[in-house]
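J.: The structure file input00.cif (mmCIF, N, CA and C atoms) is provided below.
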```
data_upload
loop_
_atom_site.label_atom_id
_atom_site.label_comp_id
_atom_site.auth_asym_id
_atom_site.auth_seq_id
_atom_site.Cartn_x
_atom_site.Cartn_y
_atom_site.Cartn_z
N MET A 1 97.52 109.90 67.81
CA MET A 1 98.51 110.85 68.25
C MET A 1 97.99 111.69 69.41
N LEU A 2 96.75 112.07 69.35
CA LEU A 2 96.16 112.85 70.42
C LEU A 2 96.07 112.03 71.71
N ALA A 3 95.73 110.75 71.57
CA ALA A 3 95.65 109.89 72.75
C ALA A 3 97.01 109.73 73.41
N THR A 4 98.07 109.63 72.62
CA THR A 4 99.42 109.52 73.17
C THR A 4 99.80 110.79 73.91
N PHE A 5 99.46 111.93 73.35
CA PHE A 5 99.76 113.20 73.99
C PHE A 5 99.02 113.33 75.32
N ILE A 6 97.76 112.95 75.35
CA ILE A 6 96.97 113.02 76.58
C ILE A 6 97.53 112.04 77.61
N ALA A 7 97.93 110.86 77.18
CA ALA A 7 98.51 109.89 78.10
C ALA A 7 99.80 110.41 78.71
N LEU A 8 100.61 111.10 77.93
CA LEU A 8 101.85 111.67 78.47
C LEU A 8 101.56 112.77 79.49
N LEU A 9 100.52 113.52 79.28
CA LEU A 9 100.16 114.57 80.23
C LEU A 9 99.60 114.00 81.53
N GLN A 10 99.00 112.83 81.47
CA GLN A 10 98.36 112.25 82.63
C GLN A 10 99.25 111.32 83.42
N GLN A 11 100.50 111.13 83.03
CA GLN A 11 101.39 110.24 83.77
C GLN A 11 101.59 110.78 85.18
N VAL A 12 101.50 109.88 86.15
CA VAL A 12 101.60 110.26 87.54
C VAL A 12 102.73 109.47 88.18
N ASN A 13 103.53 110.14 88.96
CA ASN A 13 104.60 109.48 89.69
C ASN A 13 104.03 109.00 91.03
N ILE A 14 103.81 107.70 91.17
CA ILE A 14 103.18 107.13 92.36
C ILE A 14 104.06 107.34 93.60
N GLU A 15 105.37 107.17 93.46
CA GLU A 15 106.25 107.32 94.62
C GLU A 15 106.17 108.74 95.18
N GLU A 16 106.11 109.73 94.30
CA GLU A 16 106.03 111.11 94.76
C GLU A 16 104.69 111.38 95.45
N LYS A 17 103.63 110.84 94.88
CA LYS A 17 102.32 111.03 95.50
C LYS A 17 102.26 110.36 96.87
N LEU A 18 102.84 109.16 97.00
CA LEU A 18 102.82 108.47 98.29
C LEU A 18 103.67 109.20 99.33
N LYS A 19 104.77 109.79 98.88
CA LYS A 19 105.64 110.50 99.81
C LYS A 19 104.92 111.72 100.38
N ASP A 20 104.15 112.41 99.56
CA ASP A 20 103.46 113.63 99.99
C ASP A 20 102.07 113.36 100.57
N ALA A 21 101.59 112.15 100.48
CA ALA A 21 100.22 111.83 100.89
C ALA A 21 100.13 111.64 102.41
N PRO A 22 98.94 111.81 102.96
CA PRO A 22 98.75 111.52 104.38
C PRO A 22 98.86 110.02 104.63
N LEU A 23 99.05 109.66 105.87
CA LEU A 23 99.26 108.26 106.25
C LEU A 23 98.08 107.37 105.88
N ASP A 24 96.86 107.87 106.02
CA ASP A 24 95.68 107.07 105.68
C ASP A 24 95.68 106.65 104.21
N TYR A 25 96.10 107.55 103.35
CA TYR A 25 96.16 107.23 101.92
C TYR A 25 97.20 106.16 101.66
N GLN A 26 98.34 106.26 102.33
CA GLN A 26 99.41 105.29 102.14
C GLN A 26 98.97 103.90 102.60
N ILE A 27 98.31 103.83 103.74
CA ILE A 27 97.83 102.54 104.25
C ILE A 27 96.81 101.95 103.28
N THR A 28 95.89 102.77 102.80
CA THR A 28 94.89 102.29 101.85
C THR A 28 95.54 101.79 100.57
N TYR A 29 96.55 102.48 100.10
CA TYR A 29 97.25 102.07 98.88
C TYR A 29 97.89 100.70 99.06
N TYR A 30 98.56 100.49 100.19
CA TYR A 30 99.24 99.21 100.39
C TYR A 30 98.24 98.08 100.63
N ILE A 31 97.16 98.35 101.32
CA ILE A 31 96.14 97.31 101.53
C ILE A 31 95.53 96.90 100.20
N THR A 32 95.18 97.85 99.36
CA THR A 32 94.56 97.50 98.08
C THR A 32 95.56 96.91 97.11
N SER A 33 96.85 97.13 97.34
CA SER A 33 97.86 96.51 96.49
C SER A 33 98.02 95.03 96.81
N TYR A 34 97.98 94.69 98.07
CA TYR A 34 98.21 93.31 98.50
C TYR A 34 96.93 92.49 98.63
N LEU A 35 95.79 93.12 98.70
CA LEU A 35 94.54 92.40 98.90
C LEU A 35 94.24 91.36 97.82
N PRO A 36 94.39 91.66 96.54
CA PRO A 36 94.11 90.61 95.53
C PRO A 36 95.01 89.39 95.69
N PHE A 37 96.28 89.61 96.03
CA PHE A 37 97.20 88.49 96.24
C PHE A 37 96.76 87.64 97.43
N VAL A 38 96.37 88.28 98.52
CA VAL A 38 95.94 87.56 99.71
C VAL A 38 94.66 86.77 99.42
N VAL A 39 93.73 87.36 98.69
CA VAL A 39 92.49 86.67 98.35
C VAL A 39 92.78 85.44 97.49
N LEU A 40 93.68 85.57 96.53
CA LEU A 40 94.03 84.43 95.68
C LEU A 40 94.71 83.31 96.48
N VAL A 41 95.57 83.67 97.42
CA VAL A 41 96.23 82.66 98.26
C VAL A 41 95.20 81.93 99.12
N VAL A 42 94.28 82.66 99.71
CA VAL A 42 93.24 82.04 100.54
C VAL A 42 92.35 81.14 99.69
N LEU A 43 91.99 81.57 98.50
CA LEU A 43 91.18 80.76 97.60
C LEU A 43 91.91 79.49 97.19
N ALA A 44 93.19 79.61 96.87
CA ALA A 44 93.98 78.44 96.48
C ALA A 44 94.08 77.45 97.64
N TYR A 45 94.29 77.94 98.85
CA TYR A 45 94.37 77.05 100.01
C TYR A 45 93.03 76.35 100.25
N PHE A 46 91.94 77.09 100.12
CA PHE A 46 90.61 76.51 100.30
C PHE A 46 90.36 75.40 99.28
N MET A 47 90.72 75.66 98.03
CA MET A 47 90.53 74.65 96.99
C MET A 47 91.42 73.43 97.25
N TYR A 48 92.64 73.65 97.70
CA TYR A 48 93.54 72.54 98.04
C TYR A 48 92.98 71.72 99.19
N TYR A 49 92.50 72.40 100.23
CA TYR A 49 91.97 71.71 101.41
C TYR A 49 90.74 70.88 101.04
N ARG A 50 89.85 71.46 100.22
CA ARG A 50 88.65 70.72 99.82
C ARG A 50 89.01 69.51 98.96
N ALA A 51 89.96 69.65 98.05
CA ALA A 51 90.36 68.53 97.19
C ALA A 51 91.07 67.45 98.00
N LYS A 52 91.83 67.85 98.99
CA LYS A 52 92.57 66.90 99.81
C LYS A 52 91.62 66.04 100.66
N ASN A 53 90.52 66.61 101.08
CA ASN A 53 89.61 65.91 101.98
C ASN A 53 88.41 65.28 101.28
N ARG A 54 88.47 65.13 99.97
CA ARG A 54 87.37 64.49 99.26
C ARG A 54 87.33 63.01 99.61
N LYS A 55 86.15 62.52 99.82
CA LYS A 55 85.96 61.11 100.22
C LYS A 55 85.86 60.18 99.02
N ASP A 56 85.51 60.70 97.85
CA ASP A 56 85.29 59.84 96.71
C ASP A 56 86.58 59.55 95.92
N LEU A 57 87.70 60.06 96.36
CA LEU A 57 88.96 59.78 95.67
C LEU A 57 89.63 58.57 96.30
N ASN A 58 90.22 57.73 95.46
CA ASN A 58 90.97 56.59 95.99
C ASN A 58 92.40 57.02 96.26
N ASP A 59 92.90 56.70 97.43
CA ASP A 59 94.28 57.07 97.78
C ASP A 59 95.22 55.95 97.44
#
```
Just give me the structure as structure tokens.

T.:
Amino acid sequence: MLATFIALLQQVNIEEKLKDAPLDYQITYYITSYLPFVVLVVLAYFMYYRAKNRKDLND
């Protein structure tokens, strides 16, 4: 019960914070939001490219 009460007190409205935040904070927020997705896409493409160009596979 105490943990639930503390969690309710700590809830933060992200949209309100972004609206009032300086531009640098907003840019950092969006970069860190999309960075994991971009890294996963690049990793998937790299794995696809390496598998496509393997010489030991019969086509």

J.: If DSSP is run on the backbone, what residues of chain A are helix (DSSP H, G or I)? A reply as a ChimeraX atom specification would be ideal.

T.: /A:2-9,14-20,23-52

J.: Nearest to A:Ile14: which of A:Asp56, A:Leu2, A:Tyr29, A:Val38 is it, counting only C-alpha atoms?

T.: A:Tyr29

J.: As an exercise, work out the distance from atom CA of A:Tyr25 to atom CA of A:Phe37 in Å and give it to one decimal place.

T.: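 It comes out at 19.6 Å.
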
J.: Enter the distance from atom CA of A:Tyr34 to atom CA of A:Leu18, in Å, rounded to one decimal.

T.: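 Computed distance, atom CA of A:Tyr34 to atom CA of A:Leu18, equals 15.8 Å.
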